[in-house]
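Asks: One file is attached below, data_24.pdb, containing PDB, C-alpha atoms, pLDDT in the B column.
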ATOM      1  CA  MET A 298     132.374 -14.170  67.542  1.00 49.00           C
ATOM      2  CA  GLN A 299     132.857 -16.521  70.428  1.00 67.00           C
ATOM      3  CA  LEU A 300     134.776 -15.049  73.331  1.00 65.00           C
ATOM      4  CA  GLN A 301     136.786 -18.245  73.866  1.00 69.00           C
ATOM      5  CA  ASN A 302     138.018 -18.207  70.258  1.00 75.00           C
ATOM      6  CA  ILE A 303     139.249 -14.660  70.674  1.00 77.00           C
ATOM      7  CA  GLU A 304     140.860 -15.338  74.062  1.00 78.00           C
ATOM      8  CA  GLY A 305     142.831 -18.170  72.489  1.00 80.00           C
ATOM      9  CA  LYS A 306     144.336 -15.702  70.010  1.00 84.00           C
ATOM     10  CA  ILE A 307     145.586 -13.306  72.661  1.00 85.00           C
ATOM     11  CA  HIS A 308     149.255 -13.891  73.479  1.00 87.00           C
ATOM     12  CA  ASP A 309     151.636 -12.541  76.108  1.00 87.00           C
ATOM     13  CA  VAL A 310     154.640 -10.895  74.479  1.00 89.00           C
ATOM     14  CA  ARG A 311     156.912  -8.325  76.137  1.00 90.00           C
ATOM     15  CA  LYS A 312     154.699  -8.480  79.226  1.00 88.00           C
ATOM     16  CA  GLN A 313     151.746  -7.259  77.156  1.00 88.00           C
ATOM     17  CA  ARG A 314     148.662  -8.960  75.849  1.00 87.00           C
ATOM     18  CA  VAL A 315     148.697  -8.817  72.067  1.00 91.00           C
ATOM     19  CA  MET A 316     147.009 -10.239  69.002  1.00 89.00           C
ATOM     20  CA  LEU A 317     149.014 -11.183  65.929  1.00 92.00           C
ATOM     21  CA  ASP A 318     148.346  -9.817  62.447  1.00 91.00           C
ATOM     22  CA  PHE A 319     147.412 -13.142  60.808  1.00 90.00           C
ATOM     23  CA  ASP A 320     144.797 -13.904  63.503  1.00 89.00           C
ATOM     24  CA  LEU A 321     143.299 -10.440  63.090  1.00 89.00           C
ATOM     25  CA  ALA A 322     143.275 -10.776  59.296  1.00 88.00           C
ATOM     26  CA  GLU A 323     141.399 -14.070  59.604  1.00 88.00           C
ATOM     27  CA  MET A 324     138.872 -12.540  62.008  1.00 84.00           C
ATOM     28  CA  TYR A 325     138.359  -9.442  59.826  1.00 83.00           C
ATOM     29  CA  GLU A 326     138.087 -11.719  56.784  1.00 87.00           C
ATOM     30  CA  VAL A 327     140.829  -9.904  54.869  1.00 87.00           C
ATOM     31  CA  GLU A 328     144.159 -11.124  53.537  1.00 89.00           C
ATOM     32  CA  ASN A 329     147.046 -10.752  55.946  1.00 89.00           C
ATOM     33  CA  ARG A 330     148.917  -8.892  53.211  1.00 90.00           C
ATOM     34  CA  ALA A 331     146.062  -6.376  52.897  1.00 88.00           C
ATOM     35  CA  LEU A 332     145.934  -5.836  56.656  1.00 90.00           C
ATOM     36  CA  LYS A 333     149.691  -5.191  56.795  1.00 91.00           C
ATOM     37  CA  GLN A 334     149.470  -2.789  53.853  1.00 91.00           C
ATOM     38  CA  ALA A 335     146.676  -0.829  55.520  1.00 90.00           C
ATOM     39  CA  VAL A 336     148.733  -0.587  58.697  1.00 92.00           C
ATOM     40  CA  LYS A 337     151.898   0.483  56.838  1.00 92.00           C
ATOM     41  CA  ARG A 338     149.934   3.219  55.005  1.00 92.00           C
ATOM     42  CA  ASN A 339     148.810   4.517  58.412  1.00 91.00           C
ATOM     43  CA  LEU A 340     151.920   3.956  60.545  1.00 92.00           C
ATOM     44  CA  ASP A 341     151.426   7.272  62.350  1.00 92.00           C
ATOM     45  CA  ARG A 342     148.300   5.740  63.967  1.00 90.00           C
ATOM     46  CA  PHE A 343     150.313   2.845  65.406  1.00 91.00           C
ATOM     47  CA  PRO A 344     152.993   3.955  67.881  1.00 92.00           C
ATOM     48  CA  LEU A 345     155.079   1.261  69.623  1.00 91.00           C
ATOM     49  CA  ASP A 346     152.606   0.917  72.497  1.00 91.00           C
ATOM     50  CA  PHE A 347     149.878   0.081  69.932  1.00 91.00           C
ATOM     51  CA  MET A 348     151.824  -2.207  67.582  1.00 94.00           C
ATOM     52  CA  PHE A 349     155.296  -3.688  67.186  1.00 94.00           C
ATOM     53  CA  GLN A 350     156.937  -6.338  65.066  1.00 93.00           C
ATOM     54  CA  LEU A 351     158.064  -9.476  66.862  1.00 92.00           C
ATOM     55  CA  THR A 352     161.752 -10.323  66.915  1.00 91.00           C
ATOM     56  CA  LYS A 353     162.781 -13.731  65.595  1.00 90.00           C
ATOM     57  CA  LYS A 354     163.375 -14.919  69.177  1.00 91.00           C
ATOM     58  CA  GLU A 355     159.908 -13.749  70.324  1.00 90.00           C
ATOM     59  CA  TRP A 356     158.346 -15.375  67.262  1.00 88.00           C
ATOM     60  CA  GLN A 357     160.079 -18.682  68.060  1.00 86.00           C
ATOM     61  CA  GLU A 358     158.704 -18.497  71.622  1.00 87.00           C
ATOM     62  CA  VAL A 359     155.172 -17.949  70.300  1.00 84.00           C
ATOM     63  CA  ILE A 360     155.568 -20.880  67.893  1.00 83.00           C
ATOM     64  CA  THR A 361     156.841 -23.074  70.732  1.00 83.00           C
ATOM     65  CA  ASN A 362     154.029 -22.111  73.120  1.00 81.00           C
ATOM     66  CA  CYS A 363     151.109 -22.254  70.659  1.00 77.00           C
ATOM     67  CA  ASP A 364     149.823 -25.457  69.145  1.00 71.00           C
ATOM     68  CA  ASN A 365     147.110 -23.915  67.009  1.00 72.00           C
ATOM     69  CA  LEU A 366     149.168 -21.715  64.651  1.00 75.00           C
ATOM     70  CA  PRO A 367     148.539 -22.274  60.943  1.00 73.00           C
ATOM     71  CA  GLU A 368     151.327 -24.269  59.253  1.00 72.00           C
ATOM     72  CA  GLY A 369     151.975 -21.646  56.552  1.00 73.00           C
ATOM     73  CA  ILE A 370     152.436 -18.968  59.181  1.00 77.00           C
ATOM     74  CA  LYS A 371     154.947 -20.910  61.310  1.00 76.00           C
ATOM     75  CA  PHE A 372     157.502 -21.050  58.500  1.00 78.00           C
ATOM     76  CA  SER A 373     157.021 -17.553  57.114  1.00 78.00           C
ATOM     77  CA  PRO A 374     160.317 -15.638  56.827  1.00 78.00           C
ATOM     78  CA  ALA A 375     158.663 -12.405  58.027  1.00 84.00           C
ATOM     79  CA  THR A 376     157.828 -12.025  61.689  1.00 89.00           C
ATOM     80  CA  PRO A 377     154.267 -10.898  62.448  1.00 92.00           C
ATOM     81  CA  PHE A 378     153.021  -7.608  63.802  1.00 94.00           C
ATOM     82  CA  ALA A 379     151.699  -7.710  67.353  1.00 94.00           C
ATOM     83  CA  PHE A 380     148.801  -5.397  68.234  1.00 93.00           C
ATOM     84  CA  THR A 381     148.040  -4.344  71.791  1.00 90.00           C
ATOM     85  CA  GLU A 382     144.483  -3.659  72.869  1.00 84.00           C
ATOM     86  CA  GLN A 383     144.803  -0.040  71.732  1.00 85.00           C
ATOM     87  CA  GLY A 384     146.317  -1.151  68.431  1.00 88.00           C
ATOM     88  CA  VAL A 385     143.411  -3.506  67.768  1.00 85.00           C
ATOM     89  CA  SER A 386     141.062  -0.650  68.522  1.00 81.00           C
ATOM     90  CA  MET A 387     142.948   1.587  66.085  1.00 84.00           C
ATOM     91  CA  LEU A 388     142.584  -1.068  63.367  1.00 84.00           C
ATOM     92  CA  SER A 389     138.875  -0.302  63.201  1.00 76.00           C
ATOM     93  CA  SER A 390     139.720   3.200  61.954  1.00 77.00           C
ATOM     94  CA  VAL A 391     142.015   1.753  59.280  1.00 83.00           C
ATOM     95  CA  LEU A 392     139.748  -1.124  58.211  1.00 80.00           C
ATOM     96  CA  LYS A 393     136.378   0.520  57.812  1.00 72.00           C
ATOM     97  CA  SER A 394     134.086  -2.388  56.985  1.00 73.00           C
ATOM     98  CA  LYS A 395     131.054  -3.392  59.065  1.00 73.00           C
ATOM     99  CA  LYS A 396     132.779  -6.697  59.783  1.00 75.00           C
ATOM    100  CA  SER A 397     135.789  -4.905  61.279  1.00 74.00           C
ATOM    101  CA  ILE A 398     133.527  -2.929  63.618  1.00 73.00           C
ATOM    102  CA  GLN A 399     131.762  -6.102  64.824  1.00 77.00           C
ATOM    103  CA  VAL A 400     135.058  -7.935  65.279  1.00 77.00           C
ATOM    104  CA  ASN A 401     136.571  -4.987  67.157  1.00 74.00           C
ATOM    105  CA  ILE A 402     133.647  -4.927  69.589  1.00 78.00           C
ATOM    106  CA  ALA A 403     134.079  -8.648  70.267  1.00 78.00           C
ATOM    107  CA  ILE A 404     137.845  -8.288  70.713  1.00 78.00           C
ATOM    108  CA  MET A 405     137.466  -5.356  73.116  1.00 77.00           C
ATOM    109  CA  ARG A 406     135.060  -7.456  75.180  1.00 79.00           C
ATOM    110  CA  ALA A 407     137.588 -10.301  75.276  1.00 78.00           C
ATOM    111  CA  PHE A 408     140.331  -7.966  76.503  1.00 75.00           C
ATOM    112  CA  VAL A 409     137.990  -6.645  79.219  1.00 78.00           C
ATOM    113  CA  VAL A 410     137.146 -10.181  80.381  1.00 78.00           C
ATOM    114  CA  LEU A 411     140.844 -11.102  80.532  1.00 73.00           C
ATOM    115  CA  ARG A 412     141.616  -7.942  82.489  1.00 74.00           C
ATOM    116  CA  GLN A 413     138.817  -8.676  84.969  1.00 76.00           C
ATOM    117  CA  PHE A 414     140.035 -12.262  85.323  1.00 73.00           C
ATOM    118  CA  ALA A 415     143.581 -11.069  86.011  1.00 68.00           C
ATOM    119  CA  ILE A 416     142.339  -8.621  88.641  1.00 70.00           C
ATOM    120  CA  SER A 417     140.181 -11.231  90.397  1.00 71.00           C
ATOM    121  CA  ASN A 418     143.059 -13.708  90.209  1.00 68.00           C
ATOM    122  CA  LYS A 419     145.365 -11.150  91.807  1.00 68.00           C
ATOM    123  CA  ASP A 420     142.823 -10.520  94.596  1.00 70.00           C
ATOM    124  CA  LEU A 421     142.482 -14.258  95.205  1.00 66.00           C
ATOM    125  CA  LYS A 422     146.254 -14.679  95.353  1.00 68.00           C
ATOM    126  CA  SER A 423     146.627 -11.882  97.911  1.00 73.00           C
ATOM    127  CA  LYS A 424     143.828 -13.365 100.063  1.00 71.00           C
ATOM    128  CA  LEU A 425     145.512 -16.788  99.993  1.00 64.00           C
ATOM    129  CA  GLN A 426     148.822 -15.255 101.020  1.00 69.00           C
ATOM    130  CA  GLU A 427     147.061 -13.414 103.850  1.00 71.00           C
ATOM    131  CA  LEU A 428     145.508 -16.666 105.102  1.00 65.00           C
ATOM    132  CA  GLU A 429     148.827 -18.480 104.848  1.00 64.00           C
ATOM    133  CA  THR A 430     150.613 -15.880 106.939  1.00 69.00           C
ATOM    134  CA  LYS A 431     147.750 -15.802 109.461  1.00 67.00           C
ATOM    135  CA  TYR A 432     147.546 -19.567 109.939  1.00 66.00           C
ATOM    136  CA  ASN A 433     151.170 -20.499 109.323  1.00 67.00           C
ATOM    137  CA  LYS A 434     152.124 -19.121 112.738  1.00 62.00           C
ATOM    138  CA  GLN A 435     149.489 -21.243 114.455  1.00 61.00           C
ATOM    139  CA  PHE A 436     150.398 -24.346 112.498  1.00 64.00           C
ATOM    140  CA  LYS A 437     154.096 -23.670 113.013  1.00 66.00           C
ATOM    141  CA  ASP A 438     153.536 -23.782 116.769  1.00 68.00           C
ATOM    142  CA  VAL A 439     151.680 -27.107 116.450  1.00 66.00           C
ATOM    143  CA  TYR A 440     154.393 -28.477 114.161  1.00 63.00           C
ATOM    144  CA  ASP A 441     157.130 -27.364 116.559  1.00 71.00           C
ATOM    145  CA  ALA A 442     155.308 -29.019 119.501  1.00 73.00           C
ATOM    146  CA  ILE A 443     154.898 -32.308 117.623  1.00 70.00           C
ATOM    147  CA  ASN A 444     158.521 -32.172 116.512  1.00 70.00           C
ATOM    148  CA  TYR A 445     159.634 -31.525 120.114  1.00 76.00           C
ATOM    149  CA  LEU A 446     157.648 -34.521 121.372  1.00 73.00           C
ATOM    150  CA  LEU A 447     159.090 -36.751 118.636  1.00 69.00           C
ATOM    151  CA  GLN A 448     162.628 -35.625 119.429  1.00 72.00           C
ATOM    152  CA  LYS A 449     161.982 -36.095 123.173  1.00 68.00           C
ATOM    153  CA  ASP A 450     160.896 -39.716 122.570  1.00 60.00           C
ATOM    154  CA  LYS A 451     164.021 -40.372 120.502  1.00 60.00           C
ATOM    155  CA  GLN A 452     166.212 -38.882 123.239  1.00 63.00           C
ATOM    156  CA  GLU A 453     164.568 -41.050 125.926  1.00 61.00           C
ATOM    157  CA  ILE A 454     165.101 -44.186 123.830  1.00 59.00           C
ATOM    158  CA  ALA A 455     168.734 -43.236 123.254  1.00 57.00           C
ATOM    159  CA  PHE A 456     169.147 -42.498 126.988  1.00 60.00           C
ATOM    160  CA  LYS A 457     167.826 -45.942 128.004  1.00 63.00           C
ATOM    161  CA  ASP A 458     170.094 -47.763 125.534  1.00 62.00           C
ATOM    162  CA  ARG A 459     173.325 -46.096 126.531  1.00 64.00           C
ATOM    163  CA  LYS A 460     175.810 -47.732 128.868  1.00 69.00           C
ATOM    164  CA  GLN A 461     175.892 -46.187 132.323  1.00 67.00           C
ATOM    165  CA  ILE A 462     179.185 -44.732 133.458  1.00 73.00           C
ATOM    166  CA  GLY A 463     180.410 -43.999 136.945  1.00 74.00           C
ATOM    167  CA  PHE A 464     179.537 -45.762 140.238  1.00 73.00           C
ATOM    168  CA  LYS A 465     177.362 -48.816 139.717  1.00 70.00           C
ATOM    169  CA  THR A 466     175.220 -50.500 142.305  1.00 73.00           C
ATOM    170  CA  LYS A 467     174.336 -54.154 142.147  1.00 71.00           C
ATOM    171  CA  GLU A 468     170.822 -54.828 141.116  1.00 66.00           C
ATOM    172  CA  LYS A 469     168.756 -57.184 143.245  1.00 60.00           C
ATOM    173  CA  ASP A 470     167.318 -60.234 141.530  1.00 53.00           C
TER     174      ASP A 470
END
As structure tokens, what does this structure read like?
Replies:
Amino acid sequence: MQLQNIEGKIHDVRKQRVMLDFDLAEMYEVENRALKQAVKRNLDRFPLDFMFQLTKKEWQEVITNCDNLPEGIKFSPATPFAFTEQGVSMLSSVLKSKKSIQVNIAIMRAFVVLRQFAISNKDLKSKLQELETKYNKQFKDVYDAINYLLQKDKQEIAFKDRKQIGFKTKEKD
């Protein structure tokens, strides 16, 4: 399976990366109904940190954020199951075909790539913040100096244009 196809089926719900039951059923080449039945027969293998059912509000958010959902799925009255990385891994013990093993390996690799990307992204963000704080002070000083000079010029212009008060001497022609 192509890594990009799998990554596109990983969603962020409840601050977790999850895959939805209908996407997994398609990848495992089983009916969604059969996948859900297998999970329900083995519910003790799927605690809440492995799998949960989306609320209607969460499901509406997923529908709003994803363009590539199948039409029949969008209007289903039942909300889908969401499987975390551990839940997807547990599916291989419930669905025991060779296809499910191959798909699980590909999915686990996709989760690892996403995790590595998130870590490198976090490192990059912290380095950028470090550079900003390091150089902002220097650039702030330059900005303040330029601003001072601009304000000084404006004050001199205003000073020249104002009417003098007090004792006046006659100017020689």
Asks: Hey, what comes out of the PyMOL selection byres ((chain A and resi 343) around 12) on this file? Could you write it as JSON, numbers by chain?
Replies: {"A": [333, 335, 336, 337, 338, 339, 340, 341, 342, 344, 345, 346, 347, 348, 349, 350, 378, 379, 380, 381, 382, 383, 384, 385, 386, 387, 388, 390, 391]}
Asks: Applying the PyMOL selection byres ((chain A and resi 314) around 10) to the file I just gave you, which residues come out? Please list them as a PyMOL selection string.
Replies: chain A and resi 306-313+315-316+379-382+408+411-412
Asks: Please measure the separation of atom CA of A:Ala403 and atom CA of A:Glu326, giving the value in Å to one decimal.
Replies: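 The value is 14.4 Å.
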Asks: Name all residues at most 12 Å from A:Asn329 (count only C-alpha atoms; drop same-chain ones fewer than 2 positions away) and give them as a PyMOL selection string.
Replies: chain A and resi 317-327+331-336+369-370+375+377-378
Asks: Give me, please, the distance in Å between atom CA of A:Lys353 and atom CA of A:Thr376, quoted to one decimal.
Replies: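 Atom CA of A:Thr376 lies at a distance of 6.5 Å from atom CA of A:Lys353.
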Asks: Hey, could you patch up stretch 336-349 of chain A with N, CA, C and O atoms and hand it over as a PDB file, in the frame of the given file?
Replies:
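Saved the output as part05.pdb:
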ATOM      1  N   VAL A 336     148.006  -1.070  57.519  1.00 92.00           N
ATOM      2  CA  VAL A 336     148.733  -0.587  58.697  1.00 92.00           C
ATOM      3  C   VAL A 336     149.944   0.246  58.265  1.00 92.00           C
ATOM      4  O   VAL A 336     150.186   1.332  58.805  1.00 92.00           O
ATOM      5  N   LYS A 337     150.703  -0.239  57.296  1.00 92.00           N
ATOM      6  CA  LYS A 337     151.898   0.483  56.838  1.00 92.00           C
ATOM      7  C   LYS A 337     151.540   1.838  56.223  1.00 92.00           C
ATOM      8  O   LYS A 337     152.306   2.789  56.337  1.00 92.00           O
ATOM      9  N   ARG A 338     150.375   1.927  55.565  1.00 92.00           N
ATOM     10  CA  ARG A 338     149.934   3.219  55.005  1.00 92.00           C
ATOM     11  C   ARG A 338     149.547   4.201  56.102  1.00 92.00           C
ATOM     12  O   ARG A 338     149.499   5.396  55.875  1.00 92.00           O
ATOM     13  N   ASN A 339     149.254   3.672  57.299  1.00 91.00           N
ATOM     14  CA  ASN A 339     148.810   4.517  58.412  1.00 91.00           C
ATOM     15  C   ASN A 339     149.704   4.335  59.639  1.00 91.00           C
ATOM     16  O   ASN A 339     149.224   4.296  60.771  1.00 91.00           O
ATOM     17  N   LEU A 340     150.990   4.234  59.448  1.00 92.00           N
ATOM     18  CA  LEU A 340     151.920   3.956  60.545  1.00 92.00           C
ATOM     19  C   LEU A 340     151.850   4.998  61.661  1.00 92.00           C
ATOM     20  O   LEU A 340     152.107   4.673  62.820  1.00 92.00           O
ATOM     21  N   ASP A 341     151.504   6.239  61.322  1.00 92.00           N
ATOM     22  CA  ASP A 341     151.426   7.272  62.350  1.00 92.00           C
ATOM     23  C   ASP A 341     150.324   6.994  63.370  1.00 92.00           C
ATOM     24  O   ASP A 341     150.343   7.538  64.471  1.00 92.00           O
ATOM     25  N   ARG A 342     149.370   6.119  63.033  1.00 90.00           N
ATOM     26  CA  ARG A 342     148.300   5.740  63.967  1.00 90.00           C
ATOM     27  C   ARG A 342     148.713   4.600  64.902  1.00 90.00           C
ATOM     28  O   ARG A 342     147.952   4.243  65.797  1.00 90.00           O
ATOM     29  N   PHE A 343     149.878   4.020  64.652  1.00 91.00           N
ATOM     30  CA  PHE A 343     150.313   2.845  65.406  1.00 91.00           C
ATOM     31  C   PHE A 343     151.680   3.064  66.055  1.00 91.00           C
ATOM     32  O   PHE A 343     152.690   2.536  65.590  1.00 91.00           O
ATOM     33  N   PRO A 344     151.714   3.821  67.154  1.00 92.00           N
ATOM     34  CA  PRO A 344     152.993   3.955  67.881  1.00 92.00           C
ATOM     35  C   PRO A 344     153.371   2.608  68.515  1.00 92.00           C
ATOM     36  O   PRO A 344     152.591   1.655  68.490  1.00 92.00           O
ATOM     37  N   LEU A 345     154.562   2.526  69.083  1.00 91.00           N
ATOM     38  CA  LEU A 345     155.079   1.261  69.623  1.00 91.00           C
ATOM     39  C   LEU A 345     154.213   0.664  70.726  1.00 91.00           C
ATOM     40  O   LEU A 345     154.221  -0.545  70.921  1.00 91.00           O
ATOM     41  N   ASP A 346     153.465   1.494  71.460  1.00 91.00           N
ATOM     42  CA  ASP A 346     152.606   0.917  72.497  1.00 91.00           C
ATOM     43  C   ASP A 346     151.281   0.418  71.921  1.00 91.00           C
ATOM     44  O   ASP A 346     150.478  -0.171  72.629  1.00 91.00           O
ATOM     45  N   PHE A 347     151.054   0.611  70.613  1.00 91.00           N
ATOM     46  CA  PHE A 347     149.878   0.081  69.932  1.00 91.00           C
ATOM     47  C   PHE A 347     150.222  -1.144  69.093  1.00 91.00           C
ATOM     48  O   PHE A 347     149.433  -2.061  68.954  1.00 91.00           O
ATOM     49  N   MET A 348     151.443  -1.127  68.489  1.00 94.00           N
ATOM     50  CA  MET A 348     151.824  -2.207  67.582  1.00 94.00           C
ATOM     51  C   MET A 348     153.343  -2.275  67.499  1.00 94.00           C
ATOM     52  O   MET A 348     154.018  -1.250  67.539  1.00 94.00           O
ATOM     53  N   PHE A 349     153.864  -3.495  67.412  1.00 94.00           N
ATOM     54  CA  PHE A 349     155.296  -3.688  67.186  1.00 94.00           C
ATOM     55  C   PHE A 349     155.473  -4.984  66.419  1.00 94.00           C
ATOM     56  O   PHE A 349     154.578  -5.830  66.375  1.00 94.00           O
TER      57      PHE A 349
END
